[in-house]
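*Asks:* I am sharing final.cif, which consists of mmCIF, C-alpha atoms; chains and numbers go by the auth columns:
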```
data_data
loop_
_atom_site.group_PDB
_atom_site.id
_atom_site.type_symbol
_atom_site.label_atom_id
_atom_site.label_comp_id
_atom_site.label_asym_id
_atom_site.label_seq_id
_atom_site.Cartn_x
_atom_site.Cartn_y
_atom_site.Cartn_z
_atom_site.B_iso_or_equiv
_atom_site.auth_seq_id
_atom_site.auth_asym_id
ATOM 1 C CA MET A 1 143.295 86.289 56.208 0.00 1 W
ATOM 2 C CA LYS A 2 146.032 84.647 58.234 0.00 2 W
ATOM 3 C CA THR A 3 145.754 81.884 60.817 0.00 3 W
ATOM 4 C CA GLY A 4 147.157 82.037 64.326 0.00 4 W
ATOM 5 C CA ALA A 5 147.087 80.040 67.540 0.00 5 W
ATOM 6 C CA GLN A 6 145.428 81.438 70.655 0.00 6 W
ATOM 7 C CA LEU A 7 147.883 80.324 73.324 0.00 7 W
ATOM 8 C CA TYR A 8 145.234 79.993 76.022 0.00 8 W
ATOM 9 C CA THR A 9 144.657 76.563 74.445 0.00 9 W
ATOM 10 C CA LEU A 10 148.170 75.638 75.637 0.00 10 W
ATOM 11 C CA ARG A 11 148.137 77.424 78.996 0.00 11 W
ATOM 12 C CA ASP A 12 149.002 74.232 80.898 0.00 12 W
ATOM 13 C CA PHE A 13 152.238 74.039 78.882 0.00 13 W
ATOM 14 C CA CYS A 14 153.380 77.626 79.544 0.00 14 W
ATOM 15 C CA LYS A 15 153.871 77.583 83.307 0.00 15 W
ATOM 16 C CA SER A 16 157.669 77.902 83.309 0.00 16 W
ATOM 17 C CA VAL A 17 160.100 79.655 80.997 0.00 17 W
ATOM 18 C CA LYS A 18 161.436 76.324 79.734 0.00 18 W
ATOM 19 C CA ASP A 19 157.913 75.013 79.143 0.00 19 W
ATOM 20 C CA THR A 20 157.009 78.154 77.203 0.00 20 W
ATOM 21 C CA GLU A 21 160.139 77.866 75.058 0.00 21 W
ATOM 22 C CA ASN A 22 159.296 74.252 74.227 0.00 22 W
ATOM 23 C CA THR A 23 155.636 75.062 73.606 0.00 23 W
ATOM 24 C CA PHE A 24 156.453 77.911 71.224 0.00 24 W
ATOM 25 C CA LYS A 25 158.812 75.608 69.301 0.00 25 W
ATOM 26 C CA ARG A 26 156.054 73.020 68.939 0.00 26 W
ATOM 27 C CA VAL A 27 153.572 75.661 67.795 0.00 27 W
ATOM 28 C CA LYS A 28 155.999 76.756 65.109 0.00 28 W
ATOM 29 C CA GLU A 29 156.647 73.131 64.070 0.00 29 W
ATOM 30 C CA ILE A 30 152.893 72.553 63.677 0.00 30 W
ATOM 31 C CA GLY A 31 152.937 75.303 61.074 0.00 31 W
ATOM 32 C CA PHE A 32 151.853 78.465 62.853 0.00 32 W
ATOM 33 C CA LYS A 33 153.587 81.826 62.525 0.00 33 W
ATOM 34 C CA TYR A 34 151.107 84.040 64.380 0.00 34 W
ATOM 35 C CA VAL A 35 149.954 83.777 67.994 0.00 35 W
ATOM 36 C CA GLN A 36 147.824 85.586 70.506 0.00 36 W
ATOM 37 C CA ILE A 37 149.432 85.884 73.938 0.00 37 W
ATOM 38 C CA SER A 38 147.017 84.597 76.568 0.00 38 W
ATOM 39 C CA GLY A 39 147.436 82.176 79.444 0.00 39 W
ATOM 40 C CA VAL A 40 151.248 82.342 79.288 0.00 40 W
ATOM 41 C CA SER A 41 152.353 82.294 82.946 0.00 41 W
ATOM 42 C CA GLU A 42 156.101 82.570 82.305 0.00 42 W
ATOM 43 C CA PRO A 43 158.141 84.514 81.458 0.00 43 W
ATOM 44 C CA LYS A 44 156.561 87.541 83.087 0.00 44 W
ATOM 45 C CA ASP A 45 159.230 89.854 81.688 0.00 45 W
ATOM 46 C CA VAL A 46 157.990 91.162 78.330 0.00 46 W
ATOM 47 C CA LYS A 47 161.479 91.479 76.850 0.00 47 W
ATOM 48 C CA GLU A 48 162.206 87.851 77.695 0.00 48 W
ATOM 49 C CA LEU A 49 158.906 86.825 76.129 0.00 49 W
ATOM 50 C CA LYS A 50 159.761 88.787 72.988 0.00 50 W
ATOM 51 C CA LYS A 51 163.121 87.000 72.782 0.00 51 W
ATOM 52 C CA ILE A 52 161.414 83.595 72.923 0.00 52 W
ATOM 53 C CA LEU A 53 159.015 84.687 70.172 0.00 53 W
ATOM 54 C CA ASP A 54 161.912 85.868 68.009 0.00 54 W
ATOM 55 C CA ASP A 55 163.998 82.770 68.694 0.00 55 W
ATOM 56 C CA THR A 56 161.145 80.488 67.610 0.00 56 W
ATOM 57 C CA GLY A 57 160.054 82.618 64.651 0.00 57 W
ATOM 58 C CA LEU A 58 156.618 83.430 66.054 0.00 58 W
ATOM 59 C CA VAL A 59 154.844 86.788 65.782 0.00 59 W
ATOM 60 C CA ALA A 60 152.423 88.007 68.445 0.00 60 W
ATOM 61 C CA VAL A 61 149.477 89.807 66.840 0.00 61 W
ATOM 62 C CA SER A 62 147.611 90.582 70.061 0.00 62 W
ATOM 63 C CA THR A 63 147.303 89.846 73.751 0.00 63 W
ATOM 64 C CA HIS A 64 144.495 89.283 76.172 0.00 64 W
ATOM 65 C CA THR A 65 145.046 91.980 78.782 0.00 65 W
ATOM 66 C CA GLY A 66 142.743 92.379 81.781 0.00 66 W
ATOM 67 C CA TYR A 67 140.231 95.219 82.000 0.00 67 W
ATOM 68 C CA GLU A 68 141.722 96.703 85.168 0.00 68 W
ATOM 69 C CA ARG A 69 145.201 96.862 83.641 0.00 69 W
ATOM 70 C CA ILE A 70 143.898 98.476 80.472 0.00 70 W
ATOM 71 C CA ILE A 71 142.050 101.142 82.445 0.00 71 W
ATOM 72 C CA ASN A 72 144.617 101.790 85.177 0.00 72 W
ATOM 73 C CA GLU A 73 147.974 101.043 83.513 0.00 73 W
ATOM 74 C CA ILE A 74 147.455 101.982 79.882 0.00 74 W
ATOM 75 C CA GLU A 75 150.867 103.658 79.490 0.00 75 W
ATOM 76 C CA LYS A 76 152.631 100.504 80.676 0.00 76 W
ATOM 77 C CA VAL A 77 150.353 98.275 78.587 0.00 77 W
ATOM 78 C CA ILE A 78 151.159 100.318 75.470 0.00 78 W
ATOM 79 C CA GLU A 79 154.869 100.106 76.229 0.00 79 W
ATOM 80 C CA GLU A 80 154.653 96.310 76.599 0.00 80 W
ATOM 81 C CA HIS A 81 152.849 95.942 73.291 0.00 81 W
ATOM 82 C CA LYS A 82 155.413 98.063 71.514 0.00 82 W
ATOM 83 C CA ILE A 83 158.179 95.850 72.914 0.00 83 W
ATOM 84 C CA LEU A 84 156.294 92.797 71.648 0.00 84 W
ATOM 85 C CA GLU A 85 155.625 94.560 68.314 0.00 85 W
ATOM 86 C CA CYS A 86 152.075 93.444 68.856 0.00 86 W
ATOM 87 C CA GLU A 87 149.203 95.564 67.535 0.00 87 W
ATOM 88 C CA GLY A 88 146.180 94.344 69.461 0.00 88 W
ATOM 89 C CA ILE A 89 145.295 95.078 73.081 0.00 89 W
ATOM 90 C CA ILE A 90 142.262 92.840 73.598 0.00 90 W
ATOM 91 C CA CYS A 91 140.165 92.901 76.758 0.00 91 W
ATOM 92 C CA PRO A 92 139.141 89.255 77.373 0.00 92 W
ATOM 93 C CA GLY A 93 136.049 90.043 79.444 0.00 93 W
ATOM 94 C CA LEU A 94 134.734 92.093 82.344 0.00 94 W
ATOM 95 C CA PRO A 95 134.149 91.673 86.077 0.00 95 W
ATOM 96 C CA MET A 96 130.691 90.159 86.642 0.00 96 W
ATOM 97 C CA GLU A 97 129.337 93.327 88.267 0.00 97 W
ATOM 98 C CA LEU A 98 129.766 95.206 84.966 0.00 98 W
ATOM 99 C CA HIS A 99 127.645 92.799 82.924 0.00 99 W
ATOM 100 C CA ASN A 100 124.524 94.965 82.853 0.00 100 W
ATOM 101 C CA LYS A 101 123.395 98.005 80.860 0.00 101 W
ATOM 102 C CA GLU A 102 124.944 100.521 83.242 0.00 102 W
ATOM 103 C CA GLY A 103 128.154 98.519 83.395 0.00 103 W
ATOM 104 C CA TYR A 104 128.564 98.332 79.619 0.00 104 W
ATOM 105 C CA LEU A 105 127.992 102.079 79.364 0.00 105 W
ATOM 106 C CA LYS A 106 130.586 102.659 82.078 0.00 106 W
ATOM 107 C CA VAL A 107 133.136 100.459 80.282 0.00 107 W
ATOM 108 C CA ALA A 108 132.450 102.216 76.974 0.00 108 W
ATOM 109 C CA ASP A 109 133.096 105.558 78.678 0.00 109 W
ATOM 110 C CA GLU A 110 136.348 104.310 80.219 0.00 110 W
ATOM 111 C CA PHE A 111 137.525 102.919 76.872 0.00 111 W
ATOM 112 C CA ASN A 112 136.637 106.180 75.100 0.00 112 W
ATOM 113 C CA LYS A 113 139.039 108.001 77.427 0.00 113 W
ATOM 114 C CA ILE A 114 142.053 105.922 76.349 0.00 114 W
ATOM 115 C CA VAL A 115 141.356 104.668 72.841 0.00 115 W
ATOM 116 C CA ASP A 116 142.839 107.733 71.111 0.00 116 W
ATOM 117 C CA LYS A 117 146.100 107.282 73.002 0.00 117 W
ATOM 118 C CA ILE A 118 146.176 103.642 71.925 0.00 118 W
ATOM 119 C CA LYS A 119 145.550 104.573 68.276 0.00 119 W
ATOM 120 C CA GLU A 120 148.234 107.279 68.392 0.00 120 W
ATOM 121 C CA ASN A 121 150.726 104.534 69.228 0.00 121 W
ATOM 122 C CA GLY A 122 149.700 102.453 66.217 0.00 122 W
ATOM 123 C CA LEU A 123 147.740 99.918 68.288 0.00 123 W
ATOM 124 C CA ILE A 124 144.122 98.825 68.461 0.00 124 W
ATOM 125 C CA LEU A 125 141.856 98.253 71.446 0.00 125 W
ATOM 126 C CA GLY A 126 139.479 95.309 71.179 0.00 126 W
ATOM 127 C CA TYR A 127 136.933 93.396 73.243 0.00 127 W
ATOM 128 C CA HIS A 128 136.496 89.611 73.280 0.00 128 W
ATOM 129 C CA ASN A 129 132.982 88.321 73.865 0.00 129 W
ATOM 130 C CA HIS A 130 131.712 85.338 75.766 0.00 130 W
ATOM 131 C CA ALA A 131 128.025 84.392 75.849 0.00 131 W
ATOM 132 C CA ILE A 132 127.042 86.768 78.641 0.00 132 W
ATOM 133 C CA GLU A 133 127.272 89.814 76.366 0.00 133 W
ATOM 134 C CA PHE A 134 124.258 88.500 74.407 0.00 134 W
ATOM 135 C CA GLU A 135 121.792 89.112 77.213 0.00 135 W
ATOM 136 C CA ARG A 136 119.427 91.845 76.056 0.00 136 W
ATOM 137 C CA TYR A 137 118.543 95.091 77.799 0.00 137 W
ATOM 138 C CA ASN A 138 115.502 96.841 76.298 0.00 138 W
ATOM 139 C CA GLY A 139 116.088 94.932 73.080 0.00 139 W
ATOM 140 C CA LYS A 140 119.839 95.534 72.758 0.00 140 W
ATOM 141 C CA THR A 141 122.538 93.022 73.576 0.00 141 W
ATOM 142 C CA GLY A 142 125.288 93.956 75.988 0.00 142 W
ATOM 143 C CA LEU A 143 127.775 93.647 73.131 0.00 143 W
ATOM 144 C CA GLU A 144 125.846 96.204 71.080 0.00 144 W
ATOM 145 C CA ILE A 145 125.642 98.608 74.005 0.00 145 W
ATOM 146 C CA LEU A 146 129.404 98.390 74.518 0.00 146 W
ATOM 147 C CA LEU A 147 130.427 98.626 70.861 0.00 147 W
ATOM 148 C CA ASP A 148 127.861 101.222 69.824 0.00 148 W
ATOM 149 C CA ASN A 149 128.933 103.551 72.629 0.00 149 W
ATOM 150 C CA CYS A 150 132.658 103.189 71.898 0.00 150 W
ATOM 151 C CA PRO A 151 132.958 103.544 68.093 0.00 151 W
ATOM 152 C CA GLU A 152 136.741 102.991 68.019 0.00 152 W
ATOM 153 C CA LEU A 153 136.583 99.721 69.941 0.00 153 W
ATOM 154 C CA HIS A 154 137.247 96.581 67.875 0.00 154 W
ATOM 155 C CA ALA A 155 135.227 93.383 68.343 0.00 155 W
ATOM 156 C CA GLU A 156 137.145 90.137 68.688 0.00 156 W
ATOM 157 C CA ILE A 157 134.243 87.835 67.868 0.00 157 W
ATOM 158 C CA ASP A 158 134.460 84.376 69.429 0.00 158 W
ATOM 159 C CA THR A 159 132.434 82.014 67.239 0.00 159 W
ATOM 160 C CA TYR A 160 131.710 79.432 69.949 0.00 160 W
ATOM 161 C CA TRP A 161 130.509 81.914 72.545 0.00 161 W
ATOM 162 C CA VAL A 162 128.300 83.768 70.064 0.00 162 W
ATOM 163 C CA GLN A 163 126.595 80.467 69.243 0.00 163 W
ATOM 164 C CA TYR A 164 126.394 79.570 72.944 0.00 164 W
ATOM 165 C CA GLY A 165 124.636 82.889 73.550 0.00 165 W
ATOM 166 C CA GLY A 166 122.058 82.101 70.877 0.00 166 W
ATOM 167 C CA GLY A 167 123.609 84.226 68.160 0.00 167 W
ATOM 168 C CA ASP A 168 124.869 83.671 64.626 0.00 168 W
ATOM 169 C CA PRO A 169 128.675 84.127 64.437 0.00 169 W
ATOM 170 C CA ALA A 170 128.650 85.212 60.778 0.00 170 W
ATOM 171 C CA PHE A 171 125.943 87.811 61.468 0.00 171 W
ATOM 172 C CA TRP A 172 127.958 89.458 64.220 0.00 172 W
ATOM 173 C CA ILE A 173 131.197 89.409 62.228 0.00 173 W
ATOM 174 C CA GLU A 174 129.387 91.126 59.356 0.00 174 W
ATOM 175 C CA LYS A 175 127.560 93.575 61.625 0.00 175 W
ATOM 176 C CA TYR A 176 130.862 95.007 62.880 0.00 176 W
ATOM 177 C CA LYS A 177 132.833 94.238 59.727 0.00 177 W
ATOM 178 C CA ASN A 178 134.907 97.413 59.828 0.00 178 W
ATOM 179 C CA ARG A 179 135.897 96.694 63.419 0.00 179 W
ATOM 180 C CA VAL A 180 136.635 92.945 63.425 0.00 180 W
ATOM 181 C CA SER A 181 140.319 92.533 62.616 0.00 181 W
ATOM 182 C CA GLN A 182 140.706 89.353 64.671 0.00 182 W
ATOM 183 C CA VAL A 183 138.277 86.476 65.237 0.00 183 W
ATOM 184 C CA HIS A 184 138.463 83.500 67.576 0.00 184 W
ATOM 185 C CA PHE A 185 137.830 80.347 65.573 0.00 185 W
ATOM 186 C CA LYS A 186 136.301 77.913 68.026 0.00 186 W
ATOM 187 C CA ASP A 187 133.979 75.081 67.032 0.00 187 W
ATOM 188 C CA MET A 188 130.998 73.690 68.922 0.00 188 W
ATOM 189 C CA GLY A 189 130.129 70.005 68.976 0.00 189 W
ATOM 190 C CA ILE A 190 128.142 67.589 71.114 0.00 190 W
ATOM 191 C CA ILE A 191 129.431 64.517 72.964 0.00 191 W
ATOM 192 C CA LYS A 192 127.013 62.636 75.244 0.00 192 W
ATOM 193 C CA ASN A 193 124.655 65.611 75.081 0.00 193 W
ATOM 194 C CA GLN A 194 127.324 68.010 76.386 0.00 194 W
ATOM 195 C CA GLN A 195 128.645 70.964 74.377 0.00 195 W
ATOM 196 C CA VAL A 196 132.330 70.529 73.568 0.00 196 W
ATOM 197 C CA MET A 197 135.121 72.275 71.651 0.00 197 W
ATOM 198 C CA PRO A 198 136.500 69.882 69.019 0.00 198 W
ATOM 199 C CA PRO A 199 139.111 70.809 66.403 0.00 199 W
ATOM 200 C CA ILE A 200 137.874 73.395 63.904 0.00 200 W
ATOM 201 C CA CYS A 201 135.542 71.951 61.230 0.00 201 W
ATOM 202 C CA GLU A 202 134.878 68.818 63.305 0.00 202 W
ATOM 203 C CA GLY A 203 131.925 70.273 65.177 0.00 203 W
ATOM 204 C CA ASN A 204 128.662 71.792 63.974 0.00 204 W
ATOM 205 C CA LEU A 205 129.305 75.477 63.288 0.00 205 W
ATOM 206 C CA ASN A 206 128.736 76.663 59.725 0.00 206 W
ATOM 207 C CA TRP A 207 132.377 77.208 58.811 0.00 207 W
ATOM 208 C CA ASN A 208 131.683 77.751 55.140 0.00 208 W
ATOM 209 C CA ARG A 209 129.541 80.776 55.974 0.00 209 W
ATOM 210 C CA ILE A 210 131.770 82.001 58.810 0.00 210 W
ATOM 211 C CA ILE A 211 134.899 81.921 56.647 0.00 211 W
ATOM 212 C CA LYS A 212 133.187 83.587 53.672 0.00 212 W
ATOM 213 C CA THR A 213 131.970 86.335 55.988 0.00 213 W
ATOM 214 C CA CYS A 214 135.415 86.770 57.526 0.00 214 W
ATOM 215 C CA LYS A 215 136.980 87.184 54.097 0.00 215 W
ATOM 216 C CA LYS A 216 134.268 89.603 52.987 0.00 216 W
ATOM 217 C CA SER A 217 134.668 91.566 56.210 0.00 217 W
ATOM 218 C CA LYS A 218 138.462 91.734 55.747 0.00 218 W
ATOM 219 C CA VAL A 219 139.328 89.961 59.001 0.00 219 W
ATOM 220 C CA LYS A 220 143.129 89.954 59.307 0.00 220 W
ATOM 221 C CA TYR A 221 143.654 87.029 61.685 0.00 221 W
ATOM 222 C CA CYS A 222 141.602 83.975 62.610 0.00 222 W
ATOM 223 C CA LEU A 223 142.942 82.712 65.919 0.00 223 W
ATOM 224 C CA ILE A 224 142.296 79.046 66.656 0.00 224 W
ATOM 225 C CA GLU A 225 141.312 78.319 70.242 0.00 225 W
ATOM 226 C CA MET A 226 139.816 75.545 72.318 0.00 226 W
ATOM 227 C CA ASP A 227 139.295 76.365 76.001 0.00 227 W
ATOM 228 C CA ARG A 228 138.843 72.672 76.743 0.00 228 W
ATOM 229 C CA PRO A 229 139.993 70.594 73.758 0.00 229 W
ATOM 230 C CA THR A 230 138.401 67.199 73.192 0.00 230 W
ATOM 231 C CA ILE A 231 141.826 65.740 72.293 0.00 231 W
ATOM 232 C CA ASP A 232 145.468 66.603 73.009 0.00 232 W
ATOM 233 C CA PRO A 233 145.660 70.404 72.571 0.00 233 W
ATOM 234 C CA PHE A 234 148.695 70.329 70.271 0.00 234 W
ATOM 235 C CA GLU A 235 146.985 67.736 68.084 0.00 235 W
ATOM 236 C CA ALA A 236 143.782 69.795 68.166 0.00 236 W
ATOM 237 C CA LEU A 237 145.636 72.848 66.862 0.00 237 W
ATOM 238 C CA LYS A 238 147.343 70.761 64.190 0.00 238 W
ATOM 239 C CA LYS A 239 144.078 69.182 63.009 0.00 239 W
ATOM 240 C CA SER A 240 142.360 72.570 62.971 0.00 240 W
ATOM 241 C CA LEU A 241 145.092 74.051 60.825 0.00 241 W
ATOM 242 C CA GLU A 242 144.919 71.143 58.397 0.00 242 W
ATOM 243 C CA ASN A 243 141.115 71.335 58.184 0.00 243 W
ATOM 244 C CA LEU A 244 141.168 75.056 57.427 0.00 244 W
ATOM 245 C CA LYS A 245 143.396 74.458 54.419 0.00 245 W
ATOM 246 C CA ASN A 246 140.327 72.964 52.727 0.00 246 W
ATOM 247 C CA PHE A 247 138.882 76.487 52.808 0.00 247 W
ATOM 248 C CA GLY A 248 141.995 78.004 51.281 0.00 248 W
ATOM 249 C CA ILE A 249 143.242 79.398 54.580 0.00 249 W
ATOM 250 C CA ARG A 250 146.964 79.167 55.168 0.00 250 W
ATOM 251 C CA PRO A 251 149.077 80.003 58.238 0.00 251 W
#
```
How would this structure read if it were set down as structure tokens?

*Replies:*
Amino acid sequence: MKTGAQLYTLRDFCKSVKDTENTFKRVKEIGFKYVQISGVSEPKDVKELKKILDDTGLVAVSTHTGYERIINEIEKVIEEHKILECEGIICPGLPMELHNKEGYLKVADEFNKIVDKIKENGLILGYHNHAIEFERYNGKTGLEILLDNCPELHAEIDTYWVQYGGGDPAFWIEKYKNRVSQVHFKDMGIIKNQQVMPPICEGNLNWNRIIKTCKKSKVKYCLIEMDRPTIDPFEALKKSLENLKNFGIRP
């Protein structure tokens, strides 16, 4: 299992081409090789983005690409991912009106129509959960409805949001173990009775169990992310990387 940085953590430092260049250099200096493209405002040109990745020695393993683009522009999305040499097309969430049983079934149907084309191009289609997908409908969570009705869809399990939704991150990683190639490593802690996202291993999630389950389930990439870091985001990524070394995980 390899470690990467989810760039949404650094979105405030990727708002211009120059900022993105500098940010990618710092990410590489921290010790990362792999990244997930998310929250990068500039450059918008995929070829320019690929050049910055190459120049800094970073490898993009996936992107967060919006649902509407995946459904309506799949040919272009595939082309962009091939330019980036990036295997994962990950849907980061859904419009609110689709978060119900009928909506999840509709999304599963839409994904079923395009997933073969994605696979034919050597790519994977995945879905990233928040907490909302753990609401139950006749005993089944929204995440189960979506994944069970689209067997080729990968699950990008986000540890924080599973816990927030009342679930056990390790359980859900194991449940879909043949379909979880990437996991968001995100810790949950408490400061002044408010849930926060500290560096990995400095909160209260059971990282020993999560990491053992990831290894057993053959997760390829654990992507470190903090939506709202409790400290400087670059330092948070650095501390997280250092803490994970205690579990034998290297960049």

*Asks:* Using the chain letters and numbering of this document, enumerate as a PyMOL selection string the residues selected by the PyMOL selection byres ((chain W and resi 134) around 10).

*Replies:* chain W and resi 129-133+135-137+140-144+161-167

*Asks:* Counting all atoms listed in the file, give me one row per residue of range 93-190 of chain W with an atom at most 10 Å from an atom of range 54-70 of chain W, showing the shortest contact pair and its distance in Å to one decimal, sorted by chain then residue number, as a Markdown table.

*Replies:*
```
| residue | atom | partner | partner_atom | distance |
| --- | --- | --- | --- | --- |
| W:Gly93 | CA | W:Tyr67 | CA | 7.1 |
| W:Leu94 | CA | W:Tyr67 | CA | 6.3 |
| W:Pro95 | CA | W:Tyr67 | CA | 8.1 |
| W:Val107 | CA | W:Tyr67 | CA | 9.0 |
| W:Glu110 | CA | W:Ile70 | CA | 9.5 |
| W:Phe111 | CA | W:Ile70 | CA | 8.6 |
| W:Ile114 | CA | W:Ile70 | CA | 8.7 |
| W:Leu123 | CA | W:Ser62 | CA | 9.5 |
| W:Ile124 | CA | W:Ser62 | CA | 9.1 |
| W:Leu125 | CA | W:Ile70 | CA | 9.3 |
| W:Gly126 | CA | W:His64 | CA | 9.3 |
| W:Tyr127 | CA | W:His64 | CA | 9.1 |
| W:His128 | CA | W:His64 | CA | 8.5 |
| W:Gln182 | CA | W:Ser62 | CA | 8.8 |
```

*Asks:* Determine the residue membership of the PyMOL selection byres ((chain W and resi 157) around 7) for the file above and supply it as a list in words.

*Replies:* His128, Asn129, Ala155, Glu156, Asp158, Thr159, Ile173, Val183 and His184 of chain W

*Asks:* Give, as lines of an AutoDock Vina configuration file, the centre coordinates and the x, y and z edge lengths in Å to one decimal for an axis-aligned box around all listed atoms of range 235-249 of chain W, padded by 5 Å on each side.

*Replies:*
```
center_x = 143.1
center_y = 73.6
center_z = 59.7
size_x = 18.5
size_y = 21.7
size_z = 26.9
```

*Asks:* Counting only C-alpha atoms, what is within 9 Å of Asn206 in chain W, bar same-chain residues fewer than 4 positions away, as an MDAnalysis selection string?

*Replies:* chainID W and resid 169:170 201 210:211

*Asks:* How would the residues just picked look written out with C-alpha atoms as a tab-separated table (two decimals), keeping the file's coordinate frame?

*Replies:*
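Final file, out21.tsv:
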```tsv
chain	number	residue	atom	x	y	z
W	169	PRO	CA	128.68	84.13	64.44
W	170	ALA	CA	128.65	85.21	60.78
W	201	CYS	CA	135.54	71.95	61.23
W	210	ILE	CA	131.77	82.00	58.81
W	211	ILE	CA	134.90	81.92	56.65
```

*Asks:* If we count only C-alpha atoms and set the cut-off at 9 Å, which residues sit around range 34-45 of chain W, ignoring sequence neighbours fewer than 3 positions away in its own chain? Please answer as a PyMOL selection string.

*Replies:* chain W and resi 2-20+27-28+48-50+58-65+88+221+223+251

*Asks:* Store the residues picked out above in a file with C-alpha atoms, as a short mmCIF file (atom, residue, chain, number, x, y, z; two decimals), keeping the file's coordinate frame.

*Replies:*
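Writing done, so here's again-v3.cif:
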```cif
data_model
loop_
_atom_site.label_atom_id
_atom_site.label_comp_id
_atom_site.auth_asym_id
_atom_site.auth_seq_id
_atom_site.Cartn_x
_atom_site.Cartn_y
_atom_site.Cartn_z
CA LYS W 2 146.03 84.65 58.23
CA THR W 3 145.75 81.88 60.82
CA GLY W 4 147.16 82.04 64.33
CA ALA W 5 147.09 80.04 67.54
CA GLN W 6 145.43 81.44 70.66
CA LEU W 7 147.88 80.32 73.32
CA TYR W 8 145.23 79.99 76.02
CA THR W 9 144.66 76.56 74.44
CA LEU W 10 148.17 75.64 75.64
CA ARG W 11 148.14 77.42 79.00
CA ASP W 12 149.00 74.23 80.90
CA PHE W 13 152.24 74.04 78.88
CA CYS W 14 153.38 77.63 79.54
CA LYS W 15 153.87 77.58 83.31
CA SER W 16 157.67 77.90 83.31
CA VAL W 17 160.10 79.66 81.00
CA LYS W 18 161.44 76.32 79.73
CA ASP W 19 157.91 75.01 79.14
CA THR W 20 157.01 78.15 77.20
CA VAL W 27 153.57 75.66 67.80
CA LYS W 28 156.00 76.76 65.11
CA GLU W 48 162.21 87.85 77.69
CA LEU W 49 158.91 86.82 76.13
CA LYS W 50 159.76 88.79 72.99
CA LEU W 58 156.62 83.43 66.05
CA VAL W 59 154.84 86.79 65.78
CA ALA W 60 152.42 88.01 68.44
CA VAL W 61 149.48 89.81 66.84
CA SER W 62 147.61 90.58 70.06
CA THR W 63 147.30 89.85 73.75
CA HIS W 64 144.50 89.28 76.17
CA THR W 65 145.05 91.98 78.78
CA GLY W 88 146.18 94.34 69.46
CA TYR W 221 143.65 87.03 61.68
CA LEU W 223 142.94 82.71 65.92
CA PRO W 251 149.08 80.00 58.24
#
```

*Asks:* Tell me which protein, DNA and RNA residues are within 8 Å of range 177-179 of chain W, counting only C-alpha atoms, leaving out same-chain ones fewer than 4 positions away, and put them as a ChimeraX atom specification.

*Replies:* /W:152-155,173,217-219

*Asks:* With only C-alpha atoms as the basis for distance, which of W:Phe171, W:Phe247, W:Tyr104, W:Phe32 is at the shortest distance from Ile145 in chain W?

*Replies:*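 Closest candidate: W:Tyr104.
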
*Asks:* For the file shown, report as a PDB file with C-alpha atoms, in the coordinates of the input the outcome of the PyMOL selection byres ((chain W and resi 105) around 10) at residue level.

*Replies:*
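Listed below is the output, expr.pdb:
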```pdb
ATOM      1  CA  LEU W  98     129.766  95.206  84.966  1.00  0.00           C
ATOM      2  CA  HIS W  99     127.645  92.799  82.924  1.00  0.00           C
ATOM      3  CA  ASN W 100     124.524  94.965  82.853  1.00  0.00           C
ATOM      4  CA  LYS W 101     123.395  98.005  80.860  1.00  0.00           C
ATOM      5  CA  GLU W 102     124.944 100.521  83.242  1.00  0.00           C
ATOM      6  CA  GLY W 103     128.154  98.519  83.395  1.00  0.00           C
ATOM      7  CA  TYR W 104     128.564  98.332  79.619  1.00  0.00           C
ATOM      8  CA  LYS W 106     130.586 102.659  82.078  1.00  0.00           C
ATOM      9  CA  VAL W 107     133.136 100.459  80.282  1.00  0.00           C
ATOM     10  CA  ALA W 108     132.450 102.216  76.974  1.00  0.00           C
ATOM     11  CA  ASP W 109     133.096 105.558  78.678  1.00  0.00           C
ATOM     12  CA  GLU W 110     136.348 104.310  80.219  1.00  0.00           C
ATOM     13  CA  PHE W 111     137.525 102.919  76.872  1.00  0.00           C
ATOM     14  CA  GLY W 142     125.288  93.956  75.988  1.00  0.00           C
ATOM     15  CA  ILE W 145     125.642  98.608  74.005  1.00  0.00           C
ATOM     16  CA  LEU W 146     129.404  98.390  74.518  1.00  0.00           C
ATOM     17  CA  LEU W 147     130.427  98.626  70.861  1.00  0.00           C
ATOM     18  CA  ASP W 148     127.861 101.222  69.824  1.00  0.00           C
ATOM     19  CA  ASN W 149     128.933 103.551  72.629  1.00  0.00           C
ATOM     20  CA  CYS W 150     132.658 103.189  71.898  1.00  0.00           C
TER      21      CYS W 150
END
```

*Asks:* Calculated over only C-alpha atoms, which of the candidates W:Ile90, W:Ile83, W:Leu237, W:Ile78 has the smallest distance to Ile118 in chain W?

*Replies:*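 Looking only at the distances to Ile118 in chain W, the closest residue turns out to be W:Ile78.
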
*Asks:* For a test of reading the model, state the distance in Å between CA of Glu29 in chain W and CA of Lys220 in chain W, rounded to one decimal.

*Replies:*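 Interatomic distance, CA of Glu29 in chain W to CA of Lys220 in chain W: 22.1 Å.
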
*Asks:* Would you kindly return, as a compact mmCIF listing (two decimals) with C-alpha atoms, in the coordinates of the input, each protein, DNA or RNA residue with an atom no farther than 9 Å from any atom of Gly31 in chain W, considering only C-alpha atoms and excluding same-chain residues fewer than 5 positions away?

*Replies:*
```txt
# COMPACT_ATOMS: atom_id res chain seq x y z
CA ARG W 26 156.05 73.02 68.94
CA LYS W 238 147.34 70.76 64.19
CA LEU W 241 145.09 74.05 60.82
CA PRO W 251 149.08 80.00 58.24
```
